[in-house]
>>> print(open('my_file15.csv').read())   # CSV, C-alpha atoms and all ligand atoms
chain,number,residue,atom,x,y,z
A,656,MET,CA,87.4,-80.5,65.7
A,657,ILE,CA,87.7,-83.4,63.2
A,658,LEU,CA,91.3,-84.1,62.5
A,659,GLY,CA,91.1,-87.1,60.3
A,660,ALA,CA,88.8,-89.8,58.8
A,661,GLY,CA,89.4,-93.3,57.3
A,662,GLN,CA,87.2,-95.8,55.6
A,663,ALA,CA,87.7,-99.4,54.4
A,664,PRO,CA,85.4,-101.7,52.4
A,665,GLY,CA,84.3,-105.2,53.2
A,666,LYS,CA,85.4,-108.1,51.0
A,667,VAL,CA,84.3,-111.4,49.6
A,668,ILE,CA,86.4,-114.2,48.5
A,669,LEU,CA,85.2,-115.4,45.1
A,670,PHE,CA,87.3,-118.5,44.9
A,671,GLY,CA,90.1,-120.2,46.9
A,672,GLU,CA,89.5,-119.6,50.6
A,673,HIS,CA,91.3,-122.0,52.9
A,674,ALA,CA,93.5,-123.4,50.1
A,675,VAL,CA,95.1,-119.9,49.9
A,676,VAL,CA,96.5,-120.5,53.4
A,677,TYR,CA,98.5,-123.4,51.8
A,678,GLY,CA,100.0,-121.4,48.9
A,679,ARG,CA,97.2,-121.9,46.4
A,680,PRO,CA,95.8,-118.8,44.7
A,681,ALA,CA,92.5,-117.0,45.6
A,682,LEU,CA,90.4,-114.3,44.0
A,683,ALA,CA,88.8,-111.7,46.2
A,684,VAL,CA,87.0,-108.4,45.6
A,685,PRO,CA,86.1,-105.4,47.8
A,686,ILE,CA,82.5,-104.8,48.6
A,687,SER,CA,81.6,-101.2,49.2
A,688,GLN,CA,78.0,-101.7,50.3
A,689,VAL,CA,79.4,-102.5,53.7
A,690,ALA,CA,82.3,-100.5,55.2
A,691,ALA,CA,84.2,-99.6,58.4
A,692,ASN,CA,84.6,-95.9,59.2
A,693,ALA,CA,86.9,-94.2,61.7
A,694,GLN,CA,87.1,-90.6,62.7
A,695,VAL,CA,89.7,-88.7,64.8
A,696,GLU,CA,88.7,-85.6,66.8
A,697,SER,CA,90.8,-83.5,69.1
A,698,GLY,CA,90.3,-84.4,72.7
A,699,ALA,CA,90.6,-82.5,76.0
A,700,PRO,CA,94.2,-81.7,77.0
A,701,GLY,CA,95.5,-84.6,79.1
A,702,SER,CA,92.7,-87.0,78.0
A,703,GLY,CA,95.1,-89.4,76.2
A,704,LEU,CA,93.8,-91.3,73.2
A,705,ILE,CA,90.2,-92.4,73.7
A,706,ILE,CA,88.8,-95.2,71.6
A,707,GLU,CA,85.0,-95.4,71.1
A,708,ALA,CA,83.6,-98.4,69.3
A,709,ILE,CA,80.1,-97.2,68.6
A,710,ASP,CA,78.6,-100.6,67.5
A,711,LEU,CA,80.0,-102.4,70.5
A,712,ALA,CA,79.1,-99.6,73.0
A,713,HIS,CA,82.8,-99.7,74.2
A,714,CYS,CA,84.7,-96.7,75.2
A,715,PHE,CA,88.2,-96.7,76.8
A,716,THR,CA,91.5,-94.9,76.8
A,717,LEU,CA,94.4,-96.5,75.0
A,718,ALA,CA,96.3,-96.7,78.3
A,719,GLN,CA,93.4,-98.7,79.9
A,720,ALA,CA,92.4,-100.8,76.9
A,721,PRO,CA,91.2,-104.3,77.7
A,722,ASP,CA,93.8,-107.0,77.3
A,723,GLY,CA,94.0,-108.2,73.8
A,724,ASP,CA,91.6,-105.6,72.4
A,725,PRO,CA,92.0,-105.7,68.6
A,726,LEU,CA,91.2,-102.0,68.1
A,727,ALA,CA,93.9,-101.0,70.6
A,728,ALA,CA,96.3,-103.3,68.8
A,729,ALA,CA,95.6,-101.5,65.5
A,730,VAL,CA,96.0,-98.1,67.2
A,731,HIS,CA,99.3,-99.2,68.8
A,732,LEU,CA,100.7,-100.4,65.5
A,733,ALA,CA,99.6,-97.3,63.6
A,734,LEU,CA,101.0,-94.9,66.2
A,735,ALA,CA,104.4,-96.7,66.2
A,736,HIS,CA,104.5,-96.6,62.4
A,737,LEU,CA,103.5,-92.9,62.4
A,738,GLY,CA,106.1,-92.1,65.1
A,739,LEU,CA,103.5,-90.8,67.6
A,740,GLU,CA,103.0,-91.2,71.3
A,741,ALA,CA,99.3,-91.4,72.2
A,742,PRO,CA,98.0,-87.8,71.4
A,743,ASP,CA,94.9,-86.3,73.1
A,744,TRP,CA,92.6,-87.6,70.4
A,745,ARG,CA,89.2,-89.2,70.4
A,746,LEU,CA,88.9,-92.0,67.9
A,747,THR,CA,85.4,-93.2,67.0
A,748,VAL,CA,84.9,-96.4,65.0
A,749,HIS,CA,81.7,-97.6,63.3
A,750,SER,CA,81.2,-100.5,60.9
A,751,THR,CA,78.3,-101.9,58.9
A,752,ILE,CA,80.3,-105.1,58.2
A,753,PRO,CA,78.8,-107.9,60.2
A,754,ILE,CA,81.4,-109.4,62.6
A,755,ALA,CA,82.5,-113.0,62.1
A,756,SER,CA,80.7,-113.3,58.8
A,757,GLY,CA,83.5,-113.8,56.3
A,758,LEU,CA,83.3,-110.2,54.9
A,759,GLY,CA,86.6,-109.0,56.4
A,760,SER,CA,85.2,-107.0,59.3
A,761,GLY,CA,88.4,-107.3,61.4
A,762,ALA,CA,90.7,-106.2,58.7
A,763,ALA,CA,88.4,-103.4,57.5
A,764,VAL,CA,88.1,-102.0,61.0
A,765,SER,CA,91.9,-102.0,61.5
A,766,ALA,CA,92.4,-100.4,58.0
A,767,ALA,CA,89.9,-97.6,58.7
A,768,ILE,CA,91.5,-96.9,62.1
A,769,MET,CA,95.0,-96.7,60.6
A,770,ARG,CA,93.8,-94.5,57.8
A,771,ALA,CA,92.1,-92.1,60.2
A,772,LEU,CA,95.1,-91.9,62.5
A,773,ALA,CA,97.5,-91.3,59.5
A,774,HIS,CA,95.1,-88.6,58.1
A,775,ALA,CA,95.0,-86.9,61.6
A,776,ALA,CA,98.8,-87.0,61.7
A,777,GLY,CA,99.1,-85.5,58.2
A,778,GLN,CA,100.8,-88.6,56.9
A,779,GLU,CA,100.0,-90.8,54.0
A,780,LEU,CA,99.8,-94.6,54.3
A,781,LEU,CA,100.4,-96.3,51.0
A,782,PRO,CA,98.1,-99.3,50.4
A,783,GLU,CA,101.0,-101.8,50.7
A,784,THR,CA,102.1,-100.3,54.0
A,785,LEU,CA,98.6,-100.3,55.3
A,786,SER,CA,98.1,-103.9,54.2
A,787,ALA,CA,101.3,-105.0,56.0
A,788,LEU,CA,100.2,-103.2,59.2
A,789,VAL,CA,96.7,-104.7,59.1
A,790,TYR,CA,98.3,-108.1,58.5
A,791,GLU,CA,100.1,-107.7,61.8
A,792,VAL,CA,96.8,-107.3,63.6
A,793,GLU,CA,95.3,-110.3,61.7
A,794,VAL,CA,98.2,-112.5,62.8
A,795,LEU,CA,97.5,-111.5,66.5
A,796,TYR,CA,93.8,-112.5,66.2
A,797,HIS,CA,93.4,-115.0,63.4
A,798,GLY,CA,96.3,-117.4,63.9
A,799,THR,CA,97.7,-118.1,60.4
A,800,PRO,CA,96.0,-115.8,58.0
A,801,SER,CA,97.1,-116.0,54.4
A,802,GLY,CA,97.1,-112.2,54.0
A,803,VAL,CA,94.3,-112.1,51.4
A,804,ASP,CA,91.8,-110.1,53.6
A,805,ASN,CA,94.2,-107.2,54.4
A,806,THR,CA,95.4,-107.1,50.8
A,807,VAL,CA,92.0,-106.7,49.1
A,808,ILE,CA,90.7,-104.3,51.8
A,809,ALA,CA,93.8,-102.1,51.9
A,810,HIS,CA,94.0,-101.9,48.1
A,811,GLY,CA,90.3,-101.7,47.5
A,812,ARG,CA,90.7,-103.6,44.2
A,813,PRO,CA,89.9,-107.1,42.9
A,814,VAL,CA,92.9,-109.2,43.8
A,815,TYR,CA,94.5,-112.4,42.6
A,816,PHE,CA,96.4,-113.4,45.6
A,817,VAL,CA,99.1,-116.0,46.3
A,818,ARG,CA,100.7,-116.0,49.7
A,819,GLY,CA,104.2,-114.6,49.7
A,820,HIS,CA,103.9,-113.1,46.2
A,821,ALA,CA,103.0,-109.5,45.1
A,822,PRO,CA,99.2,-109.5,44.7
A,823,GLN,CA,97.8,-108.7,41.3
A,824,VAL,CA,94.7,-106.8,40.3
A,825,PHE,CA,92.9,-109.2,38.1
A,826,PRO,CA,91.2,-107.9,34.9
A,827,ILE,CA,87.4,-108.2,34.6
A,828,GLY,CA,86.4,-108.5,31.0
A,829,ARG,CA,82.7,-108.0,31.7
A,830,PRO,CA,81.1,-107.0,35.0
A,831,PHE,CA,78.9,-109.6,36.7
A,832,ARG,CA,76.5,-109.7,39.7
A,833,LEU,CA,76.6,-111.5,43.0
A,834,ALA,CA,74.1,-112.0,45.6
A,835,ILE,CA,75.8,-112.2,49.0
A,836,ALA,CA,73.7,-113.8,51.8
A,837,ASP,CA,74.4,-113.8,55.5
A,838,SER,CA,73.6,-117.1,57.2
A,839,GLY,CA,73.3,-115.2,60.5
A,840,ILE,CA,75.6,-117.7,62.1
A,841,GLY,CA,78.7,-116.1,63.6
A,842,SER,CA,81.8,-118.2,62.8
A,843,LEU,CA,85.4,-117.3,63.7
A,844,THR,CA,87.9,-117.8,60.8
A,845,LYS,CA,90.5,-118.7,63.4
A,846,VAL,CA,88.5,-121.8,64.3
A,847,THR,CA,87.8,-123.1,60.8
A,848,VAL,CA,91.4,-122.4,59.7
A,849,GLY,CA,92.6,-124.3,62.8
A,850,ASP,CA,90.3,-127.2,62.0
A,851,VAL,CA,91.5,-127.4,58.4
A,852,ARG,CA,95.0,-127.4,59.7
A,853,LEU,CA,94.2,-130.4,62.0
A,854,GLY,CA,92.6,-132.2,59.0
A,855,TRP,CA,95.7,-131.5,56.9
A,856,GLN,CA,98.0,-132.7,59.6
A,857,ARG,CA,96.0,-136.0,59.9
A,858,SER,CA,95.5,-136.6,56.2
A,859,PRO,CA,98.0,-134.5,54.3
A,860,GLU,CA,97.5,-136.2,50.9
A,861,ARG,CA,93.8,-135.8,50.9
A,862,PHE,CA,93.9,-132.2,51.9
A,863,GLU,CA,96.8,-131.4,49.5
A,864,LYS,CA,94.6,-132.8,46.7
A,865,LEU,CA,91.6,-130.7,47.8
A,866,PHE,CA,93.8,-127.6,47.8
A,867,ASP,CA,95.2,-128.5,44.3
A,868,ASP,CA,91.7,-129.0,42.9
A,869,ILE,CA,90.6,-125.6,44.4
A,870,GLY,CA,93.8,-124.0,42.9
A,871,GLN,CA,92.8,-125.2,39.4
A,872,ILE,CA,89.3,-123.8,39.9
A,873,VAL,CA,90.8,-120.4,40.8
A,874,GLU,CA,92.9,-120.4,37.6
A,875,ALA,CA,89.9,-121.4,35.5
A,876,ALA,CA,87.8,-118.7,37.2
A,877,ARG,CA,90.4,-116.0,36.6
A,878,ALA,CA,90.5,-116.9,32.9
A,879,ALA,CA,86.7,-116.8,32.6
A,880,ILE,CA,86.6,-113.4,34.3
A,881,ALA,CA,89.4,-112.0,32.2
A,882,SER,CA,87.8,-113.1,29.0
A,883,GLY,CA,84.5,-111.6,29.8
A,884,GLU,CA,82.7,-115.0,30.2
A,885,PRO,CA,81.3,-114.8,33.8
A,886,ASP,CA,78.6,-117.4,33.0
A,887,ARG,CA,81.4,-120.0,33.2
A,888,LEU,CA,81.8,-119.0,36.9
A,889,GLY,CA,78.6,-120.8,38.0
A,890,PRO,CA,79.8,-124.4,37.7
A,891,LEU,CA,83.2,-123.4,39.1
A,892,MET,CA,81.4,-121.9,42.2
A,893,ASP,CA,79.5,-125.1,42.6
A,894,ALA,CA,82.6,-127.2,42.4
A,895,ASN,CA,84.5,-125.0,44.8
A,896,HIS,CA,81.6,-125.3,47.3
A,897,GLU,CA,81.7,-129.1,47.1
A,898,LEU,CA,85.4,-129.1,47.8
A,899,LEU,CA,84.9,-126.9,50.9
A,900,VAL,CA,82.1,-129.2,52.0
A,901,GLU,CA,84.6,-132.1,51.8
A,902,MET,CA,87.1,-130.0,53.7
A,903,GLY,CA,84.5,-129.8,56.6
A,904,VAL,CA,84.0,-126.0,56.6
A,905,SER,CA,80.4,-125.8,55.4
A,906,CYS,CA,77.3,-126.3,57.6
A,907,PRO,CA,73.7,-127.2,57.1
A,908,GLN,CA,72.5,-123.6,56.9
A,909,LEU,CA,75.1,-122.6,54.3
A,910,ASP,CA,74.3,-125.7,52.2
A,911,ARG,CA,70.6,-124.8,52.5
A,912,LEU,CA,71.3,-121.2,51.2
A,913,VAL,CA,73.5,-122.6,48.4
A,914,ALA,CA,70.8,-125.0,47.3
A,915,ALA,CA,68.0,-122.3,47.5
A,916,ALA,CA,70.1,-119.9,45.3
A,917,ARG,CA,70.6,-122.6,42.7
A,918,SER,CA,66.9,-123.7,42.7
A,919,ALA,CA,65.9,-120.0,42.2
A,920,GLY,CA,68.1,-119.7,39.1
A,921,ALA,CA,71.5,-118.7,40.3
A,922,GLY,CA,74.3,-119.7,37.9
A,923,GLY,CA,76.2,-121.2,40.8
A,924,ALA,CA,76.8,-120.7,44.5
A,925,LYS,CA,79.3,-121.3,47.3
A,926,LEU,CA,80.2,-120.3,50.8
A,927,SER,CA,82.6,-117.4,51.0
A,928,GLY,CA,85.3,-116.9,53.7
A,929,GLY,CA,86.1,-119.1,56.6
A,930,GLY,CA,82.7,-121.0,56.5
A,931,ARG,CA,80.6,-122.9,59.1
A,932,GLY,CA,78.5,-119.7,59.1
A,933,GLY,CA,79.0,-116.2,57.8
A,934,ASN,CA,78.2,-115.5,54.1
A,935,MET,CA,77.7,-117.4,50.9
A,936,ILE,CA,77.7,-115.9,47.4
A,937,ALA,CA,75.6,-116.7,44.3
A,938,LEU,CA,76.1,-115.8,40.7
A,939,VAL,CA,73.0,-113.9,39.5
A,940,SER,CA,71.9,-111.9,36.4
A,941,ALA,CA,69.6,-108.8,36.2
A,942,GLU,CA,66.7,-111.3,35.8
A,943,THR,CA,67.6,-113.8,38.5
A,944,ALA,CA,68.8,-111.3,41.2
A,945,GLY,CA,65.3,-110.6,42.6
A,946,PRO,CA,64.1,-114.2,42.8
A,947,VAL,CA,67.4,-115.5,44.1
A,948,ALA,CA,67.5,-112.8,46.8
A,949,GLU,CA,63.9,-113.7,47.8
A,950,ALA,CA,64.7,-117.4,47.9
A,951,LEU,CA,67.7,-116.7,50.1
A,952,ARG,CA,65.6,-114.7,52.5
A,953,GLU,CA,63.0,-117.5,52.6
A,954,ALA,CA,65.7,-120.0,53.3
A,955,GLY,CA,66.8,-118.0,56.4
A,956,ALA,CA,69.3,-115.5,55.2
A,957,VAL,CA,69.4,-112.5,57.6
A,958,ARG,CA,70.7,-110.2,55.0
A,959,VAL,CA,71.1,-110.3,51.2
A,960,ILE,CA,73.3,-107.8,49.2
A,961,VAL,CA,73.2,-107.8,45.4
A,962,THR,CA,76.4,-106.2,44.1
A,963,PRO,CA,78.0,-105.7,40.7
A,964,VAL,CA,81.6,-107.0,40.5
A,965,GLY,CA,83.9,-105.3,38.0
A,966,GLU,CA,82.7,-101.7,38.0
A,967,TYR,CA,85.8,-100.2,39.4
A,968,GLY,CA,88.0,-97.4,38.1
A,969,ARG,CA,91.1,-98.1,36.2
A,970,GLY,CA,94.2,-98.8,38.3
A,971,PRO,CA,97.5,-100.7,38.4
A,972,THR,CA,97.5,-104.4,37.4
A,973,LEU,CA,100.3,-105.3,39.8
A,974,ILE,CA,100.3,-104.3,43.4
A,975,HIS,CA,103.8,-104.1,44.9
A,976,GLN,CA,103.9,-105.6,48.3
A,977,PRO,CA,107.4,-105.6,49.8
A,978,GLY,CA,108.8,-107.9,52.4
A,979,ARG,CA,106.4,-110.8,52.5
B,1001,LIG,C1,89.2,-115.8,55.3
B,1001,LIG,O1,88.6,-114.7,54.8
B,1001,LIG,C2,89.8,-116.6,54.3
B,1001,LIG,C3,90.6,-117.9,54.7
B,1001,LIG,O2,91.2,-118.4,53.5
B,1001,LIG,C4,91.6,-117.5,55.7
B,1001,LIG,C5,92.8,-116.8,55.2
B,1001,LIG,O3,93.0,-116.7,54.0
B,1001,LIG,O4,93.5,-116.2,56.0
B,1001,LIG,C6,89.6,-118.9,55.3
>>> encode(input="my_file15.csv", output="structure tokens", more="lines below")
Ligand code: MEV
Amino acid sequence: MILGAGQAPGKVILFGEHAVVYGRPALAVPISQVAANAQVESGAPGSGLIIEAIDLAHCFTLAQAPDGDPLAAAVHLALAHLGLEAPDWRLTVHSTIPIASGLGSGAAVSAAIMRALAHAAGQELLPETLSALVYEVEVLYHGTPSGVDNTVIAHGRPVYFVRGHAPQVFPIGRPFRLAIADSGIGSLTKVTVGDVRLGWQRSPERFEKLFDDIGQIVEAARAAIASGEPDRLGPLMDANHELLVEMGVSCPQLDRLVAAARSAGAGGAKLSGGGRGGNMIALVSAETAGPVAEALREAGAVRVIVTPVGEYGRGPTLIHQPGR
């Protein structure tokens, strides 16, 4: 019998990745074309809590989880929060969000698991509580995360995020379109974030300047989005990409995809997320979406998603997030 289910979307960072770890703002949006899903069913008496990760062909009991398993960590945190010992449940997890691609796969899987367990327990997890719990898993596996991924995924809203501050839903004056292309190269955020930290420790002034310049781009982008002038985003994306190149987190394949998108008519393009692989985003219109997607595939993208940004329901403009 199904006792509970949970879902969480992927995300893209529009502007501000890496600099956001150092206190500058970032803009991120949920992407519902890819998602993580979890389901809880009743198990046989005495079975304990069984975790089945369908995509990874993994199945184990919580008591015998492999050391450091992130799914088990999410389950432990959720059960502790819900005040439960491991019940005789079977938790199945399935995700269409590519792993290590900058689309928030880890945070989304944790969020879906926690939602499903709360649902099965008949309890509600408020988005800010869910975000804080997912952040704890992110800290275990990603070193020094800013908190942007768990925030946008738990709230499922476009977020203007500054570390340590209550995140805000940013207004979108006019919806716009993005092409999101996967370079096919897996890249761990932990590694690129660690390398940026090394660079910052070696050349603090240079990196602080890069972070400041990115912060200004984020503010300009936020204003353009709010005033319904998304065309202004293209040059800002290009400028943000160049700063990420200078920071050392791009790679030849991402640069190739960015160049291909621009040549095919995109308004601008940049890598998105941790970089050195994973995804890039390009600003497209109804007319350029097709040719840009085609050019990205020809340039080696393993997957291209074209998605509208800004077609969400109405919601709060300030997300309360206690204790951070
Ligand atoms: C990863 O999606 C975004 C980074 O800025 C890391 C973080 O914010 O934790 C690269």
>>> closest_atom_pairs(input="my_file15.csv", of="chain A", to="ligand LIG 1001 (chain B)", cutoff="7 Å", atoms="only C-alpha atoms and all ligand atoms", output="JSON lines")
{"residue": "A:Ile668", "atom": "CA", "partner": "B:LIG1001", "partner_atom": "O1", "distance": 6.7}
{"residue": "A:Gly671", "atom": "CA", "partner": "B:LIG1001", "partner_atom": "O2", "distance": 6.9}
{"residue": "A:Glu672", "atom": "CA", "partner": "B:LIG1001", "partner_atom": "O2", "distance": 3.6}
{"residue": "A:His673", "atom": "CA", "partner": "B:LIG1001", "partner_atom": "O2", "distance": 3.7}
{"residue": "A:Ala674", "atom": "CA", "partner": "B:LIG1001", "partner_atom": "O2", "distance": 6.5}
{"residue": "A:Val675", "atom": "CA", "partner": "B:LIG1001", "partner_atom": "O2", "distance": 5.5}
{"residue": "A:Val676", "atom": "CA", "partner": "B:LIG1001", "partner_atom": "O3", "distance": 5.2}
{"residue": "A:Gly757", "atom": "CA", "partner": "B:LIG1001", "partner_atom": "O1", "distance": 5.4}
{"residue": "A:Leu758", "atom": "CA", "partner": "B:LIG1001", "partner_atom": "O1", "distance": 7.0}
{"residue": "A:Gly759", "atom": "CA", "partner": "B:LIG1001", "partner_atom": "O1", "distance": 6.2}
{"residue": "A:Thr799", "atom": "CA", "partner": "B:LIG1001", "partner_atom": "O4", "distance": 6.4}
{"residue": "A:Pro800", "atom": "CA", "partner": "B:LIG1001", "partner_atom": "O4", "distance": 3.2}
{"residue": "A:Ser801", "atom": "CA", "partner": "B:LIG1001", "partner_atom": "O4", "distance": 3.9}
{"residue": "A:Gly802", "atom": "CA", "partner": "B:LIG1001", "partner_atom": "O4", "distance": 5.7}
{"residue": "A:Val803", "atom": "CA", "partner": "B:LIG1001", "partner_atom": "O3", "distance": 5.4}
{"residue": "A:Asp804", "atom": "CA", "partner": "B:LIG1001", "partner_atom": "O1", "distance": 5.7}
{"residue": "A:Thr844", "atom": "CA", "partner": "B:LIG1001", "partner_atom": "C6", "distance": 5.9}
{"residue": "A:Val848", "atom": "CA", "partner": "B:LIG1001", "partner_atom": "C6", "distance": 5.9}
{"residue": "A:Gly928", "atom": "CA", "partner": "B:LIG1001", "partner_atom": "O1", "distance": 4.1}
{"residue": "A:Gly929", "atom": "CA", "partner": "B:LIG1001", "partner_atom": "C6", "distance": 3.7}
>>> write_last_selection(input="my_file15.csv", atoms="C-alpha atoms", output="compact mmCIF listing (two decimals), in the frame of the given file")
# COMPACT_ATOMS: atom_id res chain seq x y z
CA ILE A 668 86.40 -114.20 48.50
CA GLY A 671 90.10 -120.20 46.90
CA GLU A 672 89.50 -119.60 50.60
CA HIS A 673 91.30 -122.00 52.90
CA ALA A 674 93.50 -123.40 50.10
CA VAL A 675 95.10 -119.90 49.90
CA VAL A 676 96.50 -120.50 53.40
CA GLY A 757 83.50 -113.80 56.30
CA LEU A 758 83.30 -110.20 54.90
CA GLY A 759 86.60 -109.00 56.40
CA THR A 799 97.70 -118.10 60.40
CA PRO A 800 96.00 -115.80 58.00
CA SER A 801 97.10 -116.00 54.40
CA GLY A 802 97.10 -112.20 54.00
CA VAL A 803 94.30 -112.10 51.40
CA ASP A 804 91.80 -110.10 53.60
CA THR A 844 87.90 -117.80 60.80
CA VAL A 848 91.40 -122.40 59.70
CA GLY A 928 85.30 -116.90 53.70
CA GLY A 929 86.10 -119.10 56.60
>>> closest_residue(input="my_file15.csv", among="A:Gly883, A:Pro685, A:Gly738, A:Pro721", to="A:Val814", atoms="all atoms listed in the file")
A:Pro685
>>> residues_near_point(input="my_file15.csv", point="(81.0, -109.9, 63.1)", cutoff="10 Å", atoms="only C-alpha atoms", output="PyMOL selection string")
chain A and resi 750-761+839-843+933
>>> write_last_selection(input="my_file15.csv", atoms="C-alpha atoms", output="short mmCIF file (atom, residue, chain, number, x, y, z; two decimals), keeping the file's coordinate frame")
data_model
loop_
_atom_site.label_atom_id
_atom_site.label_comp_id
_atom_site.auth_asym_id
_atom_site.auth_seq_id
_atom_site.Cartn_x
_atom_site.Cartn_y
_atom_site.Cartn_z
CA SER A 750 81.20 -100.50 60.90
CA THR A 751 78.30 -101.90 58.90
CA ILE A 752 80.30 -105.10 58.20
CA PRO A 753 78.80 -107.90 60.20
CA ILE A 754 81.40 -109.40 62.60
CA ALA A 755 82.50 -113.00 62.10
CA SER A 756 80.70 -113.30 58.80
CA GLY A 757 83.50 -113.80 56.30
CA LEU A 758 83.30 -110.20 54.90
CA GLY A 759 86.60 -109.00 56.40
CA SER A 760 85.20 -107.00 59.30
CA GLY A 761 88.40 -107.30 61.40
CA GLY A 839 73.30 -115.20 60.50
CA ILE A 840 75.60 -117.70 62.10
CA GLY A 841 78.70 -116.10 63.60
CA SER A 842 81.80 -118.20 62.80
CA LEU A 843 85.40 -117.30 63.70
CA GLY A 933 79.00 -116.20 57.80
#
>>> closest_atom_pairs(input="my_file15.csv", of="stretch 736-801 of chain A", to="stretch 708-712 of chain A", cutoff="6 Å", atoms="only C-alpha atoms", output="JSON lines")
{"residue": "A:Thr747", "atom": "CA", "partner": "A:Ala708", "partner_atom": "CA", "distance": 6.0}
{"residue": "A:Val748", "atom": "CA", "partner": "A:Ala708", "partner_atom": "CA", "distance": 4.9}
{"residue": "A:His749", "atom": "CA", "partner": "A:Ile709", "partner_atom": "CA", "distance": 5.6}
>>> atom_distance(input="my_file15.csv", atom1="atom CA of A:Ser918", atom2="atom CA of A:Pro813")
28.4 Å
>>> closest_residue(input="my_file15.csv", among="A:Gly945, A:Pro885, A:Gly698, A:Pro907", to="A:Gly932", atoms="only C-alpha atoms")
A:Pro907
>>> closest_atom_pairs(input="my_file15.csv", of="stretch 830-920 of chain A", to="stretch 938-943 of chain A", cutoff="6 Å", atoms="only C-alpha atoms", output="JSON lines")
{"residue": "A:Arg832", "atom": "CA", "partner": "A:Val939", "partner_atom": "CA", "distance": 5.5}
{"residue": "A:Leu833", "atom": "CA", "partner": "A:Leu938", "partner_atom": "CA", "distance": 4.9}
{"residue": "A:Gly920", "atom": "CA", "partner": "A:Thr943", "partner_atom": "CA", "distance": 6.0}
>>> write_last_selection(input="my_file15.csv", atoms="C-alpha atoms", output="compact mmCIF listing (two decimals), in the coordinates of the input")
# COMPACT_ATOMS: atom_id res chain seq x y z
CA ARG A 832 76.50 -109.70 39.70
CA LEU A 833 76.60 -111.50 43.00
CA GLY A 920 68.10 -119.70 39.10
>>> residues_around(input="my_file15.csv", residues="A:Asp837", least_positions_apart="3", cutoff="6 Å", atoms="only C-alpha atoms", output="PDB file with C-alpha atoms, keeping the file's coordinate frame")
ATOM      1  CA  GLY A 933      79.000-116.200  57.800  1.00  0.00           C
ATOM      2  CA  ASN A 934      78.200-115.500  54.100  1.00  0.00           C
ATOM      3  CA  ALA A 956      69.300-115.500  55.200  1.00  0.00           C
ATOM      4  CA  VAL A 957      69.400-112.500  57.600  1.00  0.00           C
ATOM      5  CA  ARG A 958      70.700-110.200  55.000  1.00  0.00           C
TER       6      ARG A 958
END
>>> residues_around(input="my_file15.csv", residues="A:Ala741", least_positions_apart="3", cutoff="8 Å", atoms="all atoms listed in the file", output="ChimeraX atom specification")
/A:703-704,717,734,744
>>> residues_around(input="my_file15.csv", residues="A:Asp910", least_positions_apart="5", cutoff="9 Å", atoms="all atoms listed in the file", output="PyMOL selection string")
chain A and resi 896+900+905+915+925-926
>>> closest_residue(input="my_file15.csv", among="A:Ile827, A:Ala693, A:Cys714, A:Val730", to="A:Ala881", atoms="all atoms listed in the file")
A:Ile827
>>> closest_residue(input="my_file15.csv", among="A:Gln908, A:Gln856, A:Gln662, A:Gln778", to="A:Ala954", atoms="all atoms listed in the file")
A:Gln908
>>> residues_around(input="my_file15.csv", residues="A:Glu897", least_positions_apart="3", cutoff="12 Å", atoms="only C-alpha atoms", output="list in words")
Leu865, Asp868, Ile869, Ile872, Pro890, Leu891, Met892, Asp893, Ala894, Val900, Glu901, Met902, Gly903, Val904, Ser905, Cys906, Leu909, Asp910, Val913, Ala914, Gly923, Ala924, Lys925 and Leu926 of chain A
>>> closest_residue(input="my_file15.csv", among="A:Val764, A:Val792, A:Ala690, A:Leu785", to="A:His731", atoms="only C-alpha atoms")
A:Val792
>>> closest_residue(input="my_file15.csv", among="A:Ser687, A:Tyr815, A:Thr716, A:Val947", to="A:Gly701", atoms="only C-alpha atoms")
A:Thr716
>>> atom_distance(input="my_file15.csv", atom1="atom CA of A:Glu791", atom2="atom CA of A:Val807")
15.1 Å
>>> residues_around(input="my_file15.csv", residues="A:His797", least_positions_apart="3", cutoff="6 Å", atoms="only C-alpha atoms", output="compact mmCIF listing (two decimals) with C-alpha atoms, in the coordinates of the input")
# COMPACT_ATOMS: atom_id res chain seq x y z
CA GLU A 793 95.30 -110.30 61.70
CA VAL A 794 98.20 -112.50 62.80
CA LYS A 845 90.50 -118.70 63.40
>>> axis_aligned_box(input="my_file15.csv", around="stretch 947-951 of chain A", padding_each_side="6 Å", output="AutoDock Vina command-line options")
--center_x 65.8 --center_y -115.1 --center_z 47.1 --size_x 15.8 --size_y 16.6 --size_z 18.0
>>> atom_distance(input="my_file15.csv", atom1="atom CA of A:Leu746", atom2="atom CA of A:Arg812")
26.4 Å
>>> residues_near_point(input="my_file15.csv", point="(74.4, -103.4, 51.1)", cutoff="6 Å", atoms="only C-alpha atoms", output="ChimeraX atom specification")
/A:688-689,960
